[in-house]
>>> print(open('work-v9.tsv').read())   # TSV, C-alpha atoms
chain	number	residue	atom	x	y	z
A	193	MET	CA	-83.46	-110.07	26.08
A	194	LYS	CA	-83.82	-106.55	27.46
A	195	ILE	CA	-81.76	-107.47	30.55
A	196	LYS	CA	-78.94	-108.82	28.35
A	197	ARG	CA	-78.91	-105.64	26.28
A	198	ILE	CA	-78.72	-103.49	29.40
A	199	LYS	CA	-75.81	-105.55	30.69
A	200	SER	CA	-74.02	-105.16	27.36
A	201	VAL	CA	-74.40	-101.35	27.43
A	202	LEU	CA	-73.15	-101.15	31.01
A	203	PHE	CA	-70.17	-103.34	30.17
A	204	PHE	CA	-69.32	-101.08	27.21
A	205	LEU	CA	-69.50	-97.93	29.37
A	206	ILE	CA	-67.25	-99.50	32.01
A	207	CYS	CA	-64.68	-100.33	29.33
A	208	ILE	CA	-64.72	-96.74	28.07
A	209	THR	CA	-64.07	-95.45	31.59
A	210	LEU	CA	-61.14	-97.82	32.05
A	211	VAL	CA	-59.49	-96.85	28.81
A	212	LYS	CA	-60.27	-93.10	29.05
A	213	GLY	CA	-57.30	-91.09	27.91
A	214	GLN	CA	-55.57	-94.21	26.62
A	215	GLU	CA	-54.93	-95.44	23.12
A	216	VAL	CA	-57.07	-98.39	21.97
A	217	GLU	CA	-55.31	-100.39	19.32
A	218	SER	CA	-56.27	-103.24	17.03
A	219	GLU	CA	-54.56	-104.77	14.10
A	220	LYS	CA	-56.42	-102.40	11.74
A	221	VAL	CA	-57.13	-99.20	13.68
A	222	SER	CA	-55.85	-97.06	16.51
A	223	ILE	CA	-58.28	-94.84	18.48
A	224	ILE	CA	-57.36	-92.11	21.02
A	225	ILE	CA	-60.19	-91.33	23.39
A	226	ASN	CA	-60.12	-87.82	25.05
A	227	PRO	CA	-56.47	-87.10	24.16
A	228	ARG	CA	-54.42	-84.82	26.49
A	229	LYS	CA	-52.60	-81.90	24.82
A	230	LYS	CA	-48.83	-81.94	25.13
A	231	THR	CA	-47.45	-78.62	26.48
A	232	GLU	CA	-44.39	-77.23	24.73
A	233	ALA	CA	-41.42	-76.37	26.91
A	234	ALA	CA	-40.80	-72.62	27.34
A	235	LYS	CA	-37.93	-71.39	25.21
A	236	PRO	CA	-34.73	-70.32	26.99
A	237	ARG	CA	-34.11	-66.57	27.00
A	238	ILE	CA	-32.13	-63.73	28.56
A	239	GLN	CA	-34.40	-61.15	30.20
A	240	ILE	CA	-33.07	-57.65	30.98
A	241	ILE	CA	-34.65	-56.43	34.22
A	242	SER	CA	-32.77	-53.14	34.59
A	243	PRO	CA	-32.26	-50.65	33.06
A	244	SER	CA	-35.64	-50.43	31.35
A	245	LEU	CA	-35.27	-50.38	27.56
A	246	SER	CA	-37.40	-48.11	25.39
A	247	ALA	CA	-39.87	-49.34	22.79
A	248	GLU	CA	-37.11	-49.26	20.16
A	249	GLY	CA	-34.90	-51.37	22.42
A	250	ILE	CA	-32.49	-48.70	23.68
A	251	TYR	CA	-31.68	-47.08	27.03
A	252	ARG	CA	-30.41	-43.48	27.13
A	253	THR	CA	-28.43	-42.12	30.05
A	254	SER	CA	-26.19	-39.20	31.01
A	255	ASP	CA	-24.24	-41.45	33.42
A	256	PRO	CA	-21.35	-43.50	31.97
A	257	ARG	CA	-21.82	-46.12	34.74
A	258	VAL	CA	-24.81	-48.45	34.37
A	259	GLU	CA	-25.71	-51.43	36.57
A	260	LEU	CA	-27.10	-54.14	34.31
A	261	ILE	CA	-29.48	-56.64	35.98
A	262	GLY	CA	-30.89	-59.61	34.10
A	263	ARG	CA	-32.26	-63.12	34.46
A	264	ILE	CA	-31.52	-66.32	32.58
A	265	GLU	CA	-34.86	-68.07	32.13
A	266	ASN	CA	-35.94	-71.62	31.17
A	267	VAL	CA	-32.52	-73.28	31.00
A	268	GLY	CA	-32.51	-75.08	34.30
A	269	GLU	CA	-29.59	-74.15	36.51
A	270	ALA	CA	-27.63	-71.38	34.79
A	271	ALA	CA	-23.88	-71.67	35.12
A	272	SER	CA	-22.38	-68.36	33.97
A	273	VAL	CA	-22.93	-65.12	32.07
A	274	ILE	CA	-20.51	-63.01	30.05
A	275	VAL	CA	-21.36	-59.31	29.64
A	276	LYS	CA	-19.07	-57.21	27.45
A	277	ASN	CA	-16.30	-59.78	27.89
A	278	GLU	CA	-16.72	-59.73	31.69
A	279	LYS	CA	-17.70	-63.03	33.32
A	280	THR	CA	-20.24	-63.04	36.15
A	281	GLU	CA	-22.22	-65.68	38.02
A	282	THR	CA	-25.97	-66.00	38.54
A	283	ASP	CA	-27.82	-66.74	41.75
A	284	LYS	CA	-30.14	-69.72	42.23
A	285	THR	CA	-32.97	-67.94	40.44
A	286	GLY	CA	-30.82	-67.14	37.41
A	287	ILE	CA	-30.38	-63.44	38.20
A	288	PHE	CA	-27.08	-61.70	37.41
A	289	LYS	CA	-25.76	-58.20	38.11
A	290	VAL	CA	-22.84	-56.44	36.46
A	291	VAL	CA	-21.60	-52.83	36.15
A	292	VAL	CA	-21.06	-51.61	32.58
A	293	TRP	CA	-18.99	-48.54	31.67
A	294	LEU	CA	-20.12	-46.74	28.53
A	295	GLU	CA	-18.40	-44.77	25.80
A	296	PRO	CA	-20.11	-41.64	24.38
A	297	GLY	CA	-22.75	-42.57	21.81
A	298	ILE	CA	-24.58	-45.88	21.32
A	299	ASN	CA	-22.94	-48.91	22.98
A	300	GLU	CA	-23.83	-52.40	21.70
A	301	ILE	CA	-23.53	-54.62	24.79
A	302	PRO	CA	-23.25	-58.40	24.13
A	303	VAL	CA	-24.74	-60.71	26.81
A	304	ILE	CA	-23.80	-64.41	26.52
A	305	ALA	CA	-25.14	-67.10	28.88
A	306	PHE	CA	-24.14	-70.77	29.33
A	307	ASP	CA	-26.12	-73.38	31.27
A	308	ASN	CA	-24.64	-76.37	33.07
A	309	LYS	CA	-24.78	-78.37	29.82
A	310	ASN	CA	-22.78	-75.65	28.03
A	311	ASN	CA	-25.75	-74.57	25.93
A	312	ARG	CA	-25.29	-70.98	24.75
A	313	LEU	CA	-27.70	-68.02	24.61
A	314	ASP	CA	-26.84	-64.66	22.96
A	315	LYS	CA	-28.45	-61.22	23.33
A	316	ARG	CA	-27.40	-57.70	22.42
A	317	ILE	CA	-28.70	-54.58	24.12
A	318	ARG	CA	-28.13	-50.94	23.19
A	319	LEU	CA	-27.18	-48.35	25.80
A	320	GLU	CA	-26.71	-44.74	24.65
A	321	TYR	CA	-24.49	-42.52	26.77
A	322	GLU	CA	-24.88	-38.76	26.33
A	323	THR	CA	-22.02	-36.75	27.79
A	324	PRO	CA	-23.03	-33.39	29.28
A	325	GLU	CA	-21.68	-31.75	26.11
A	326	ILE	CA	-23.66	-34.06	23.82
A	327	ALA	CA	-26.81	-33.55	25.90
A	328	PHE	CA	-26.25	-29.79	25.67
A	329	ILE	CA	-25.80	-29.94	21.87
A	330	ASN	CA	-28.86	-32.15	21.44
A	331	ARG	CA	-30.93	-29.70	23.49
A	332	ILE	CA	-29.85	-26.79	21.29
A	333	ASN	CA	-30.58	-28.74	18.11
A	334	GLU	CA	-34.04	-29.68	19.36
A	335	GLU	CA	-35.18	-26.25	20.49
A	336	SER	CA	-33.23	-23.74	18.38
A	337	VAL	CA	-32.75	-22.67	14.76
A	338	TYR	CA	-29.51	-21.13	13.48
A	339	TYR	CA	-30.22	-18.29	11.04
A	340	GLY	CA	-27.65	-16.54	8.88
A	341	LEU	CA	-27.52	-13.35	6.82
A	342	ILE	CA	-24.45	-13.00	4.62
A	343	ILE	CA	-23.93	-9.71	2.77
A	344	ALA	CA	-21.03	-9.17	0.36
A	345	VAL	CA	-20.46	-6.27	-2.01
A	346	ASN	CA	-17.87	-6.31	-4.81
A	347	ASN	CA	-19.44	-3.99	-7.36
A	348	TYR	CA	-20.39	-0.37	-6.76
A	349	GLN	CA	-22.62	1.61	-9.11
A	350	ASP	CA	-20.87	4.87	-8.26
A	351	GLN	CA	-17.61	5.13	-10.23
A	352	ASN	CA	-16.17	7.20	-7.39
A	353	LEU	CA	-16.32	4.09	-5.19
A	354	GLU	CA	-13.65	1.56	-6.00
A	355	SER	CA	-15.05	-1.89	-6.70
A	356	LEU	CA	-13.58	-4.79	-4.71
A	357	ASP	CA	-12.36	-8.24	-5.76
A	358	ARG	CA	-12.64	-10.45	-2.69
A	359	PRO	CA	-15.80	-9.92	-0.56
A	360	VAL	CA	-18.22	-12.14	-2.55
A	361	ASN	CA	-15.66	-14.91	-2.96
A	362	ASP	CA	-14.77	-14.81	0.75
A	363	ALA	CA	-18.45	-14.77	1.72
A	364	GLU	CA	-19.14	-17.82	-0.45
A	365	LYS	CA	-16.41	-19.74	1.38
A	366	LEU	CA	-17.90	-18.74	4.72
A	367	TYR	CA	-21.39	-19.79	3.56
A	368	ASP	CA	-20.11	-23.21	2.43
A	369	ILE	CA	-18.44	-23.88	5.77
A	370	LEU	CA	-21.45	-22.80	7.83
A	371	VAL	CA	-23.94	-25.00	5.97
A	372	SER	CA	-21.65	-28.02	5.53
A	373	LYS	CA	-19.82	-28.19	8.86
A	374	TYR	CA	-22.08	-26.35	11.32
A	375	THR	CA	-25.78	-26.42	12.21
A	376	PHE	CA	-26.87	-23.83	9.66
A	377	ASP	CA	-29.53	-25.22	7.32
A	378	PRO	CA	-29.19	-23.70	3.81
A	379	GLY	CA	-32.88	-22.78	3.92
A	380	ASN	CA	-32.20	-20.55	6.94
A	381	VAL	CA	-29.21	-18.69	5.50
A	382	LYS	CA	-29.83	-15.75	3.15
A	383	PHE	CA	-26.92	-14.73	0.91
A	384	LEU	CA	-27.04	-11.21	-0.55
A	385	ARG	CA	-24.46	-10.68	-3.30
A	386	ASN	CA	-23.83	-7.03	-4.28
A	387	ALA	CA	-26.80	-6.01	-2.15
A	388	VAL	CA	-28.40	-2.60	-2.45
A	389	ARG	CA	-29.62	-0.82	0.65
A	390	GLN	CA	-33.22	-1.99	0.26
A	391	ASP	CA	-32.04	-5.64	0.06
A	392	ILE	CA	-30.43	-5.28	3.48
A	393	ILE	CA	-33.51	-3.60	4.95
A	394	ASN	CA	-35.81	-6.33	3.57
A	395	ALA	CA	-33.62	-9.13	4.92
A	396	LEU	CA	-33.49	-7.59	8.40
A	397	ASP	CA	-37.24	-7.00	8.38
A	398	GLU	CA	-37.74	-10.68	7.56
A	399	LEU	CA	-35.50	-11.72	10.45
A	400	THR	CA	-37.51	-9.61	12.91
A	401	ARG	CA	-40.58	-11.66	11.92
A	402	LYS	CA	-38.96	-15.13	11.85
A	403	VAL	CA	-36.40	-15.31	14.62
A	404	THR	CA	-37.63	-16.40	18.08
A	405	GLN	CA	-36.14	-16.05	21.54
A	406	LYS	CA	-34.74	-19.59	21.30
A	407	ASP	CA	-32.97	-19.04	17.97
A	408	ASN	CA	-29.47	-17.86	17.06
A	409	LEU	CA	-28.44	-15.40	14.35
A	410	LEU	CA	-25.14	-14.75	12.56
A	411	ILE	CA	-24.76	-11.68	10.32
A	412	PHE	CA	-21.69	-11.25	8.09
A	413	TYR	CA	-20.87	-8.14	6.05
A	414	ALA	CA	-17.95	-7.61	3.68
A	415	GLY	CA	-17.62	-4.44	1.64
A	416	HIS	CA	-16.81	-0.74	1.94
A	417	GLY	CA	-17.45	1.16	5.14
A	418	VAL	CA	-17.21	4.81	6.13
A	419	TRP	CA	-16.69	6.65	9.42
A	420	ASN	CA	-18.14	10.13	9.86
A	421	ASP	CA	-16.06	12.11	12.36
A	422	LYS	CA	-18.67	14.85	12.81
A	423	SER	CA	-21.63	12.57	13.63
A	424	ASN	CA	-19.45	9.90	15.22
A	425	VAL	CA	-21.32	7.26	13.21
A	426	GLY	CA	-20.08	4.40	11.04
A	427	TYR	CA	-21.76	3.24	7.82
A	428	TRP	CA	-21.86	0.22	5.51
A	429	LEU	CA	-21.88	1.13	1.83
A	430	PRO	CA	-24.29	-1.08	-0.17
A	431	SER	CA	-23.89	-1.54	-3.91
A	432	ASP	CA	-26.13	1.45	-4.73
A	433	ALA	CA	-24.36	3.87	-2.34
A	434	ARG	CA	-23.00	7.15	-3.71
A	435	LEU	CA	-19.92	8.73	-2.25
A	436	ASP	CA	-21.40	12.23	-2.43
A	437	SER	CA	-24.71	11.34	-0.71
A	438	ARG	CA	-25.59	9.38	2.42
A	439	ASP	CA	-29.05	8.56	1.09
A	440	LYS	CA	-28.15	4.91	0.38
A	441	TRP	CA	-25.62	4.44	3.15
A	442	PHE	CA	-26.54	2.00	5.91
A	443	PRO	CA	-25.65	3.41	9.37
A	444	ASN	CA	-24.40	1.22	12.19
A	445	SER	CA	-26.97	2.89	14.44
A	446	THR	CA	-29.78	1.51	12.25
A	447	LEU	CA	-28.18	-1.92	12.41
A	448	VAL	CA	-28.05	-1.74	16.22
A	449	ASP	CA	-31.75	-0.84	16.25
A	450	TYR	CA	-32.51	-3.96	14.22
A	451	LEU	CA	-30.32	-6.14	16.46
A	452	SER	CA	-32.26	-4.87	19.45
A	453	GLU	CA	-35.56	-5.67	17.75
A	454	ILE	CA	-34.64	-9.16	16.51
A	455	ARG	CA	-35.60	-11.43	19.43
A	456	SER	CA	-32.81	-13.99	19.14
A	457	LYS	CA	-31.17	-15.86	21.99
A	458	HIS	CA	-27.79	-14.95	20.54
A	459	THR	CA	-26.74	-12.62	17.73
A	460	LEU	CA	-23.21	-12.49	16.36
A	461	LEU	CA	-22.20	-9.76	13.91
A	462	ILE	CA	-19.03	-10.29	11.85
A	463	ALA	CA	-18.01	-7.21	9.83
A	464	ASP	CA	-15.06	-7.20	7.44
A	465	ALA	CA	-15.40	-3.56	6.48
A	466	CYS	CA	-13.67	-0.21	6.84
A	467	PHE	CA	-14.37	1.39	10.22
A	468	GLY	CA	-16.22	-1.71	11.42
A	469	GLY	CA	-15.01	-1.20	14.98
A	470	SER	CA	-17.31	1.76	15.47
A	471	ILE	CA	-20.18	-0.53	16.43
A	472	PHE	CA	-18.70	-0.97	19.93
A	473	LYS	CA	-16.36	1.98	20.02
A	474	SER	CA	-17.08	2.84	23.66
A	475	ARG	CA	-16.87	-0.65	25.18
A	476	ASN	CA	-14.15	-3.09	26.18
A	477	ALA	CA	-13.40	-5.79	23.63
A	478	MET	CA	-12.21	-8.97	25.35
A	479	LEU	CA	-13.24	-10.33	28.73
A	480	ASP	CA	-11.58	-13.03	30.82
A	481	ARG	CA	-14.43	-15.52	30.89
A	482	ARG	CA	-14.39	-18.59	33.14
A	483	GLU	CA	-17.93	-19.86	32.61
A	484	THR	CA	-18.57	-23.08	30.71
A	485	VAL	CA	-19.95	-23.08	27.18
A	486	GLN	CA	-23.31	-24.21	28.59
A	487	GLU	CA	-23.39	-21.36	31.12
A	488	LEU	CA	-22.50	-18.77	28.47
A	489	TYR	CA	-25.15	-20.11	26.11
A	490	ASN	CA	-27.86	-19.72	28.74
A	491	LEU	CA	-27.31	-15.93	28.82
A	492	THR	CA	-28.56	-13.74	25.98
A	493	SER	CA	-25.82	-12.12	23.88
A	494	ARG	CA	-25.30	-9.43	21.24
A	495	LYS	CA	-21.64	-9.61	20.20
A	496	ALA	CA	-19.60	-8.41	17.23
A	497	MET	CA	-16.18	-9.08	15.75
A	498	THR	CA	-14.74	-6.69	13.19
A	499	SER	CA	-11.63	-6.49	11.04
A	500	GLY	CA	-10.61	-3.03	12.22
A	501	THR	CA	-11.21	-0.21	14.65
A	502	LEU	CA	-11.85	3.06	12.81
A	503	THR	CA	-9.16	2.27	10.25
A	504	LYS	CA	-9.35	1.36	6.58
A	505	VAL	CA	-9.06	-2.36	5.84
A	506	PRO	CA	-7.63	-3.80	2.60
A	507	ASP	CA	-9.56	-5.62	-0.14
A	508	ARG	CA	-7.58	-8.82	0.39
A	509	SER	CA	-8.58	-9.43	3.99
A	510	ALA	CA	-6.39	-11.32	6.44
A	511	PHE	CA	-9.33	-11.12	8.87
A	512	THR	CA	-11.72	-13.18	6.71
A	513	LYS	CA	-8.91	-15.49	5.58
A	514	TYR	CA	-8.06	-16.58	9.13
A	515	LEU	CA	-11.71	-16.56	10.24
A	516	ILE	CA	-12.59	-19.09	7.53
A	517	GLU	CA	-9.42	-21.09	8.18
A	518	LYS	CA	-10.18	-21.52	11.89
A	519	LEU	CA	-13.83	-22.44	11.27
A	520	SER	CA	-12.69	-25.03	8.73
A	521	GLU	CA	-9.98	-26.57	10.91
A	522	ASN	CA	-12.00	-26.67	14.13
A	523	ASN	CA	-12.57	-30.11	15.68
A	524	GLU	CA	-14.54	-29.07	18.76
A	525	SER	CA	-18.22	-29.99	18.94
A	526	ALA	CA	-19.20	-26.67	20.54
A	527	PHE	CA	-17.25	-23.45	21.07
A	528	THR	CA	-18.00	-19.78	21.67
A	529	SER	CA	-17.56	-16.85	19.30
A	530	GLU	CA	-15.08	-15.35	21.75
A	531	LYS	CA	-12.94	-18.49	21.54
A	532	LEU	CA	-13.15	-18.37	17.74
A	533	PHE	CA	-11.93	-14.76	17.72
A	534	SER	CA	-9.07	-15.53	20.11
A	535	SER	CA	-7.91	-18.35	17.85
A	536	PHE	CA	-7.12	-16.04	14.91
A	537	GLN	CA	-6.70	-12.55	16.42
A	538	THR	CA	-2.90	-12.75	16.67
A	539	ALA	CA	-2.55	-14.15	13.15
A	540	VAL	CA	-4.49	-11.18	11.72
A	541	GLU	CA	-2.42	-8.64	13.67
A	542	ASN	CA	0.85	-10.31	12.61
A	543	ASN	CA	-0.10	-10.42	8.92
A	544	SER	CA	-1.88	-7.11	8.32
A	545	ASP	CA	-2.00	-3.49	9.45
A	546	THR	CA	-5.43	-3.89	11.02
A	547	LYS	CA	-6.33	-4.64	14.61
A	548	PRO	CA	-9.42	-6.87	14.78
A	549	ARG	CA	-11.79	-6.37	17.65
A	550	TYR	CA	-14.38	-8.38	19.56
A	551	GLY	CA	-16.92	-7.18	22.09
A	552	VAL	CA	-20.42	-6.24	23.15
A	553	ILE	CA	-22.75	-4.38	20.78
A	554	VAL	CA	-23.85	-1.45	22.89
A	555	ASP	CA	-27.52	-0.84	23.64
A	556	ALA	CA	-28.64	-4.09	21.96
A	557	ASP	CA	-29.71	-6.07	25.08
A	558	ASP	CA	-26.54	-8.10	25.62
A	559	GLN	CA	-26.77	-9.95	28.97
A	560	GLY	CA	-23.30	-11.46	29.12
A	561	GLY	CA	-23.75	-14.65	27.08
A	562	GLU	CA	-21.92	-15.94	24.03
A	563	PHE	CA	-22.91	-17.16	20.57
A	564	VAL	CA	-22.04	-20.89	20.34
A	565	PHE	CA	-21.02	-22.64	17.13
A	566	ILE	CA	-22.29	-26.26	16.95
A	567	LYS	CA	-20.67	-28.76	14.61
A	568	LYS	CA	-22.83	-31.16	12.63
>>> encode(input="work-v9.tsv", output="structure tokens")
Amino acid sequence: MKIKRIKSVLFFLICITLVKGQEVESEKVSIIINPRKKTEAAKPRIQIISPSLSAEGIYRTSDPRVELIGRIENVGEAASVIVKNEKTETDKTGIFKVVVWLEPGINEIPVIAFDNKNNRLDKRIRLEYETPEIAFINRINEESVYYGLIIAVNNYQDQNLESLDRPVNDAEKLYDILVSKYTFDPGNVKFLRNAVRQDIINALDELTRKVTQKDNLLIFYAGHGVWNDKSNVGYWLPSDARLDSRDKWFPNSTLVDYLSEIRSKHTLLIADACFGGSIFKSRNAMLDRRETVQELYNLTSRKAMTSGTLTKVPDRSAFTKYLIEKLSENNESAFTSEKLFSSFQTAVENNSDTKPRYGVIVDADDQGGEFVFIKK
């Protein structure tokens, strides 16, 4: 009996070996012994080999010409590829190469592949082309802050000083353009309406603490001004100034001292005031510049533009009118203060009795650069 049982066990084991990995069926049951897992076929895809995309799926370049290299994977023998409406072939390994020309900004590049059975694969890649100008603007926006100080005086406490109608209104228009169209954040622009002398001092003191060597500063003043022939000094007249006392007058020499102390990359002073030209009385106004905007920005500057040179300017100012008009109409992404002045100088001279002036602020550490306006 024992021998028969042993033979039966051996026979059963032999049967298992023979049917290993096969399906054993009967009329009532089906058994799979040691089943083998079925491997799923890899999904077809378009792989971009070059250029290398960033984590967010974009490639940034300052070159408008990009060679795109990719591979069509897991579709058997690839037949053709279309990149940005240009047809190209693949080699035996599915690799394709094509040159793509980019427009400024982000370019959405469609890549379409067909295999020999006309099955279609689609992929879109993003290539961002920064022109030298865009790269320059982006660099300024990343590393610099544009500060502004706008001072406008309509009302004078001294009845011997005639109050004005236009300065505050004109200054408000300038403020609106700077913060809406250019890279001046409202939080970095202080607007002093009918400022007294101490207001101006406090604002300049604050700028000496805040402004860094990478930042840019624009100062605008509109109101009365005075020129003293004996001392050869010009003055702004704040709201609390008295005609019979210089105690509250604000001398241009004090302003120059502040502009030397404020450690900006560029400072531009715009003065729509009587005798404003005294701030650079001894220096040439316009220069024939041939440097690029980028080259001029790299050099420190202390420049001023004024509505007149030692002459009285009217309340209704052609200078501020055309200044605001040109800033509003401008379509350039980046331009210098000198170019801005040139754009409206003739219009002011042809429509008023004043001769506007542009030039270097003396003894304020100008090194030949230019203030650059950047559009948003």
>>> atom_distance(input="work-v9.tsv", atom1="atom CA of A:Thr512", atom2="atom CA of A:Glu541")
12.5 Å
>>> closest_residue(input="work-v9.tsv", among="A:Asn408, A:Ser254, A:Gln239, A:Ser244", to="A:Asn266", atoms="all atoms listed in the file")
A:Gln239
>>> closest_residue(input="work-v9.tsv", among="A:Leu532, A:Ile393, A:Leu356, A:Leu409", to="A:Ser509", atoms="only C-alpha atoms")
A:Leu356
>>> residues_near_point(input="work-v9.tsv", point="(-30.6, -53.5, 36.6)", cutoff="7 Å", atoms="only C-alpha atoms", output="short mmCIF file (atom, residue, chain, number, x, y, z; two decimals) with C-alpha atoms, in the coordinates of the input")
data_model
loop_
_atom_site.label_atom_id
_atom_site.label_comp_id
_atom_site.auth_asym_id
_atom_site.auth_seq_id
_atom_site.Cartn_x
_atom_site.Cartn_y
_atom_site.Cartn_z
CA ILE A 241 -34.65 -56.43 34.22
CA SER A 242 -32.77 -53.14 34.59
CA PRO A 243 -32.26 -50.65 33.06
CA GLU A 259 -25.71 -51.43 36.57
CA LEU A 260 -27.10 -54.14 34.31
CA ILE A 261 -29.48 -56.64 35.98
CA GLY A 262 -30.89 -59.61 34.10
CA LYS A 289 -25.76 -58.20 38.11
#
>>> closest_residue(input="work-v9.tsv", among="A:Ile304, A:Ala463, A:Ile238, A:Val371", to="A:Ala344", atoms="all atoms listed in the file")
A:Ala463
>>> residues_near_point(input="work-v9.tsv", point="(-10.9, -15.2, 10.4)", cutoff="12 Å", atoms="only C-alpha atoms", output="ChimeraX atom specification")
/A:362-363,365-366,412,462-464,497-499,509-521,529,531-541,543,548-550
>>> residues_around(input="work-v9.tsv", residues="A:Arg263", least_positions_apart="2", cutoff="7 Å", atoms="only C-alpha atoms", output="VMD selection string")
chain A and resid 238 to 240 265 286 to 288
>>> write_last_selection(input="work-v9.tsv", atoms="C-alpha atoms", output="CSV table (one decimal), in the coordinates of the input")
chain,number,residue,atom,x,y,z
A,238,ILE,CA,-32.1,-63.7,28.6
A,239,GLN,CA,-34.4,-61.2,30.2
A,240,ILE,CA,-33.1,-57.6,31.0
A,265,GLU,CA,-34.9,-68.1,32.1
A,286,GLY,CA,-30.8,-67.1,37.4
A,287,ILE,CA,-30.4,-63.4,38.2
A,288,PHE,CA,-27.1,-61.7,37.4
>>> closest_residue(input="work-v9.tsv", among="A:Val275, A:Ser336, A:Ser493, A:Val290", to="A:Lys315", atoms="all atoms listed in the file")
A:Val275
>>> residues_around(input="work-v9.tsv", residues="A:Ile553", least_positions_apart="3", cutoff="12 Å", atoms="all atoms listed in the file", output="PyMOL selection string")
chain A and resi 444-445+447-452+458-462+468-477+493-498+549-550+556-560
>>> write_last_selection(input="work-v9.tsv", atoms="C-alpha atoms", output="PDB file, in the coordinates of the input")
ATOM      1  CA  ASN A 444     -24.400   1.220  12.190  1.00  0.00           C
ATOM      2  CA  SER A 445     -26.970   2.890  14.440  1.00  0.00           C
ATOM      3  CA  LEU A 447     -28.180  -1.920  12.410  1.00  0.00           C
ATOM      4  CA  VAL A 448     -28.050  -1.740  16.220  1.00  0.00           C
ATOM      5  CA  ASP A 449     -31.750  -0.840  16.250  1.00  0.00           C
ATOM      6  CA  TYR A 450     -32.510  -3.960  14.220  1.00  0.00           C
ATOM      7  CA  LEU A 451     -30.320  -6.140  16.460  1.00  0.00           C
ATOM      8  CA  SER A 452     -32.260  -4.870  19.450  1.00  0.00           C
ATOM      9  CA  HIS A 458     -27.790 -14.950  20.540  1.00  0.00           C
ATOM     10  CA  THR A 459     -26.740 -12.620  17.730  1.00  0.00           C
ATOM     11  CA  LEU A 460     -23.210 -12.490  16.360  1.00  0.00           C
ATOM     12  CA  LEU A 461     -22.200  -9.760  13.910  1.00  0.00           C
ATOM     13  CA  ILE A 462     -19.030 -10.290  11.850  1.00  0.00           C
ATOM     14  CA  GLY A 468     -16.220  -1.710  11.420  1.00  0.00           C
ATOM     15  CA  GLY A 469     -15.010  -1.200  14.980  1.00  0.00           C
ATOM     16  CA  SER A 470     -17.310   1.760  15.470  1.00  0.00           C
ATOM     17  CA  ILE A 471     -20.180  -0.530  16.430  1.00  0.00           C
ATOM     18  CA  PHE A 472     -18.700  -0.970  19.930  1.00  0.00           C
ATOM     19  CA  LYS A 473     -16.360   1.980  20.020  1.00  0.00           C
ATOM     20  CA  SER A 474     -17.080   2.840  23.660  1.00  0.00           C
ATOM     21  CA  ARG A 475     -16.870  -0.650  25.180  1.00  0.00           C
ATOM     22  CA  ASN A 476     -14.150  -3.090  26.180  1.00  0.00           C
ATOM     23  CA  ALA A 477     -13.400  -5.790  23.630  1.00  0.00           C
ATOM     24  CA  SER A 493     -25.820 -12.120  23.880  1.00  0.00           C
ATOM     25  CA  ARG A 494     -25.300  -9.430  21.240  1.00  0.00           C
ATOM     26  CA  LYS A 495     -21.640  -9.610  20.200  1.00  0.00           C
ATOM     27  CA  ALA A 496     -19.600  -8.410  17.230  1.00  0.00           C
ATOM     28  CA  MET A 497     -16.180  -9.080  15.750  1.00  0.00           C
ATOM     29  CA  THR A 498     -14.740  -6.690  13.190  1.00  0.00           C
ATOM     30  CA  ARG A 549     -11.790  -6.370  17.650  1.00  0.00           C
ATOM     31  CA  TYR A 550     -14.380  -8.380  19.560  1.00  0.00           C
ATOM     32  CA  ALA A 556     -28.640  -4.090  21.960  1.00  0.00           C
ATOM     33  CA  ASP A 557     -29.710  -6.070  25.080  1.00  0.00           C
ATOM     34  CA  ASP A 558     -26.540  -8.100  25.620  1.00  0.00           C
ATOM     35  CA  GLN A 559     -26.770  -9.950  28.970  1.00  0.00           C
ATOM     36  CA  GLY A 560     -23.300 -11.460  29.120  1.00  0.00           C
TER      37      GLY A 560
END
>>> closest_residue(input="work-v9.tsv", among="A:Glu398, A:Asp432, A:Glu562, A:Asp357", to="A:Leu341", atoms="only C-alpha atoms")
A:Glu398
>>> atom_distance(input="work-v9.tsv", atom1="atom CA of A:Lys373", atom2="atom CA of A:Ser525")
10.4 Å
>>> residues_around(input="work-v9.tsv", residues="A:Ser431", least_positions_apart="4", cutoff="8 Å", atoms="all atoms listed in the file", output="list in words")
Val345, Asn346, Asn347, Tyr348, Gln349, Asn386, Ala387, Val388 and Arg389 of chain A
>>> atom_distance(input="work-v9.tsv", atom1="atom CA of A:Asp368", atom2="atom CA of A:Leu488")
26.5 Å
>>> residues_around(input="work-v9.tsv", residues="stretch 436-442 of chain A", least_positions_apart="2", cutoff="6 Å", atoms="all atoms listed in the file", output="PyMOL selection string")
chain A and resi 389+427-429+433-434
>>> closest_residue(input="work-v9.tsv", among="A:Lys406, A:Thr484, A:Glu453, A:Asn522", to="A:Asp555", atoms="all atoms listed in the file")
A:Glu453
